[in-house]
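**Student:** Pasting a structure below so you can have a look.
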Amino acid sequence: MKTALIPWLKKWNRRIHYHLGLFTLLFVWIFSLSGLFLNHPDWFSERAKWTETFRDVQLPKTGDDQVTANEILRQLNLSGEKIYGFSYPEEEHLRFRVIRFNGLTGIDADLLTGRVRVRSTHWSLAKSLSNLHTLTGVRKVWNESNSARDWIMTWIWSVSIDAIAVALIVMTLSSIYMWLQLKPKRKMGLLALGLGTAVCVFFLWGYSLLPKG
């Protein structure tokens, strides 16, 4: 039974490993590049260029801020993850932001007149990649009471991130299995595994042992 199981396990382990590798290939490159951009912001230092326009919209007679914001975006032909939680110095104004992977738009709507101030900026490819690294639509990041994602693209992207995370976990486990099958390579593999584990453990717990001053 054991001898029949091992060839089957080897075959399917390899298939799962390289198919998951092909599936995650571009995603891993995106996260790698965006990680470099986040770690070295001076490589692509740029100042955001904002454009400002004013539009008149028809506001709904009833409804909460969510309904009003959706109607404003529909008439402005805009979409994205809405961010609330900003101060309201004037009660008759609705202010929120709409964030996308490649840009940000600020909305300031006068609820009495229907006059909307729209401030927008578009990000470069480097900034967009960095934004992909962090934008999941999780509301608690922006101190919002509503924790639901409200843009279909952030839903799709968050599911993709979950899939990539699971795929990478499976790939690392399959790599360990393949490494254990190569007896001549075990020593070098053990060294690489030990070094990576040591660095990871240090940044998770070991740094707390360093002097505080």
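Quick note on naming: the chains in the structure tokens go A, B, ... in the order shown, residues restart at 1 in each chain, and ligands are numbered from 1 in order of appearance.
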Per residue of stretch 37-61 of chain A within 12 Å of stretch 101-104 of chain A, note the shortest atom pair and the distance in Å to one decimal, counting only C-alpha atoms, and order the rows by chain and increasing residue number, as JSON lines.
**Tutor:**
{"residue": "A:Ala48", "atom": "CA", "partner": "A:Gly103", "partner_atom": "CA", "distance": 9.8}
{"residue": "A:Lys49", "atom": "CA", "partner": "A:Gly103", "partner_atom": "CA", "distance": 10.6}
{"residue": "A:Trp50", "atom": "CA", "partner": "A:Leu104", "partner_atom": "CA", "distance": 9.4}
{"residue": "A:Thr51", "atom": "CA", "partner": "A:Leu104", "partner_atom": "CA", "distance": 10.8}
**Student:** Using the chain letters and numbers from this document, which residues of stretch 99-202 of chain A does DSSP assign to strand (DSSP E), as a ChimeraX atom specification?
**Tutor:** /A:99-100,103-110,115-122
**Student:** Which residues are close to stretch 168-171 of chain A, i.e. within 8 Å by only C-alpha atoms, leaving aside same-chain residues fewer than 4 positions away? Reply as a VMD selection string.
**Tutor:** chain A and resid 16 to 17 20 to 21 24 164 175
**Student:** Using the chain letters and numbers from this document, which residues of chain A does DSSP assign to alpha helix (DSSP H), as number ranges by chain?
**Tutor:** A: 2-39, 65-76, 125-134, 152-181, 186-204
**Student:** Atoms to include: C-alpha atoms. Write the selected residues as a compact mmCIF listing (two decimals), in the first residue's frame.
**Tutor:**
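Written out: selection_17.txt:
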# COMPACT_ATOMS: atom_id res chain seq x y z
CA LYS A 2 2.80 2.39 0.95
CA THR A 3 4.78 1.76 -2.24
CA ALA A 4 1.67 2.35 -4.37
CA LEU A 5 0.80 5.55 -2.54
CA ILE A 6 4.18 7.30 -2.87
CA PRO A 7 4.29 7.46 -6.73
CA TRP A 8 0.70 8.75 -6.77
CA LEU A 9 1.52 11.36 -4.15
CA LYS A 10 4.66 12.46 -5.99
CA LYS A 11 2.78 12.85 -9.27
CA TRP A 12 -0.08 14.88 -7.86
CA ASN A 13 2.20 16.94 -5.63
CA ARG A 14 4.18 18.02 -8.70
CA ARG A 15 1.04 18.77 -10.70
CA ILE A 16 -0.48 20.84 -7.92
CA HIS A 17 2.82 22.66 -7.38
CA TYR A 18 3.43 23.79 -10.96
CA HIS A 19 -0.22 24.55 -11.75
CA LEU A 20 -0.50 26.72 -8.65
CA GLY A 21 2.81 28.31 -9.60
CA LEU A 22 1.49 29.24 -13.02
CA PHE A 23 -1.76 30.55 -11.54
CA THR A 24 0.00 32.75 -8.97
CA LEU A 25 2.86 33.85 -11.25
CA LEU A 26 1.65 37.33 -12.20
CA PHE A 27 0.12 37.93 -8.77
CA VAL A 28 3.45 37.17 -7.08
CA TRP A 29 5.23 39.52 -9.49
CA ILE A 30 2.69 42.26 -8.71
CA PHE A 31 3.17 41.86 -4.97
CA SER A 32 6.95 41.67 -5.38
CA LEU A 33 7.10 44.86 -7.47
CA SER A 34 4.67 46.71 -5.23
CA GLY A 35 6.68 45.61 -2.19
CA LEU A 36 9.81 47.12 -3.75
CA PHE A 37 7.94 50.34 -4.52
CA LEU A 38 6.65 50.56 -0.95
CA ASN A 39 10.08 49.89 0.47
CA ASP A 65 -25.73 58.95 2.98
CA GLN A 66 -25.10 55.66 1.18
CA VAL A 67 -28.11 56.11 -1.09
CA THR A 68 -27.22 59.74 -1.78
CA ALA A 69 -23.56 58.89 -2.50
CA ASN A 70 -24.54 56.11 -4.90
CA GLU A 71 -26.85 58.45 -6.80
CA ILE A 72 -24.14 61.11 -7.03
CA LEU A 73 -21.64 58.61 -8.38
CA ARG A 74 -24.17 57.29 -10.88
CA GLN A 75 -24.75 60.76 -12.30
CA LEU A 76 -21.03 61.54 -12.32
CA LEU A 125 1.73 52.53 -12.69
CA ALA A 126 4.13 52.28 -9.73
CA LYS A 127 1.63 53.92 -7.37
CA SER A 128 -1.20 51.78 -8.75
CA LEU A 129 0.81 48.61 -8.09
CA SER A 130 1.53 49.78 -4.55
CA ASN A 131 -2.18 50.43 -4.07
CA LEU A 132 -2.97 46.89 -5.21
CA HIS A 133 -0.73 45.73 -2.37
CA THR A 134 -2.89 47.41 0.27
CA ILE A 152 -17.38 44.91 -6.88
CA MET A 153 -13.69 45.22 -7.82
CA THR A 154 -12.54 45.20 -4.19
CA TRP A 155 -14.68 42.11 -3.64
CA ILE A 156 -13.04 40.36 -6.59
CA TRP A 157 -9.57 41.51 -5.54
CA SER A 158 -10.05 40.41 -1.91
CA VAL A 159 -11.19 36.94 -3.04
CA SER A 160 -8.15 36.78 -5.35
CA ILE A 161 -5.84 37.65 -2.44
CA ASP A 162 -7.40 34.84 -0.36
CA ALA A 163 -6.88 32.43 -3.25
CA ILE A 164 -3.25 33.51 -3.66
CA ALA A 165 -2.59 33.14 0.06
CA VAL A 166 -3.98 29.61 0.13
CA ALA A 167 -2.13 28.69 -3.08
CA LEU A 168 1.20 29.90 -1.67
CA ILE A 169 0.67 27.92 1.53
CA VAL A 170 -0.02 24.78 -0.51
CA MET A 171 2.99 25.46 -2.76
CA THR A 172 5.36 25.83 0.19
CA LEU A 173 4.09 22.59 1.70
CA SER A 174 4.52 20.79 -1.63
CA SER A 175 8.03 22.26 -1.89
CA ILE A 176 8.91 20.78 1.51
CA TYR A 177 7.62 17.40 0.38
CA MET A 178 9.67 17.51 -2.84
CA TRP A 179 12.74 18.63 -0.90
CA LEU A 180 12.41 15.67 1.48
CA GLN A 181 12.37 13.33 -1.53
CA ARG A 186 18.56 17.83 2.21
CA LYS A 187 21.52 19.54 3.86
CA MET A 188 21.41 22.64 1.67
CA GLY A 189 17.62 22.72 1.92
CA LEU A 190 17.82 22.46 5.69
CA LEU A 191 20.26 25.38 5.74
CA ALA A 192 17.97 27.53 3.60
CA LEU A 193 14.91 26.58 5.65
CA GLY A 194 16.73 27.26 8.92
CA LEU A 195 18.02 30.66 7.75
CA GLY A 196 14.61 31.80 6.54
CA THR A 197 12.94 30.56 9.74
CA ALA A 198 15.50 32.34 11.92
CA VAL A 199 15.01 35.68 10.17
CA CYS A 200 11.23 35.35 10.30
CA VAL A 201 11.21 34.40 14.00
CA PHE A 202 13.48 37.34 14.77
CA PHE A 203 11.11 39.86 13.21
CA LEU A 204 8.07 38.24 14.82
**Student:** Point out the residue among A:Arg100, A:Arg55, A:Lys82, A:His93 with the least atom-to-atom distance to A:Val116, counting only C-alpha atoms.
**Tutor:**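 Ranked by minimum distance to A:Val116, first place goes to A:Arg55.
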**Student:** Between A:Ile83, A:Leu112, A:Leu78, A:Ile107, single out the one closest to A:Gln58, counting only C-alpha atoms.
**Tutor:**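 Closest to A:Gln58, using only C-alpha atoms: A:Leu112.
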**Student:** What is the atom CA of A:Trp151 to atom CA of A:Gly137 distance in Å?
**Tutor:**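 Spanning atom CA of A:Trp151 to atom CA of A:Gly137 is a straight-line distance of 7.9 Å.
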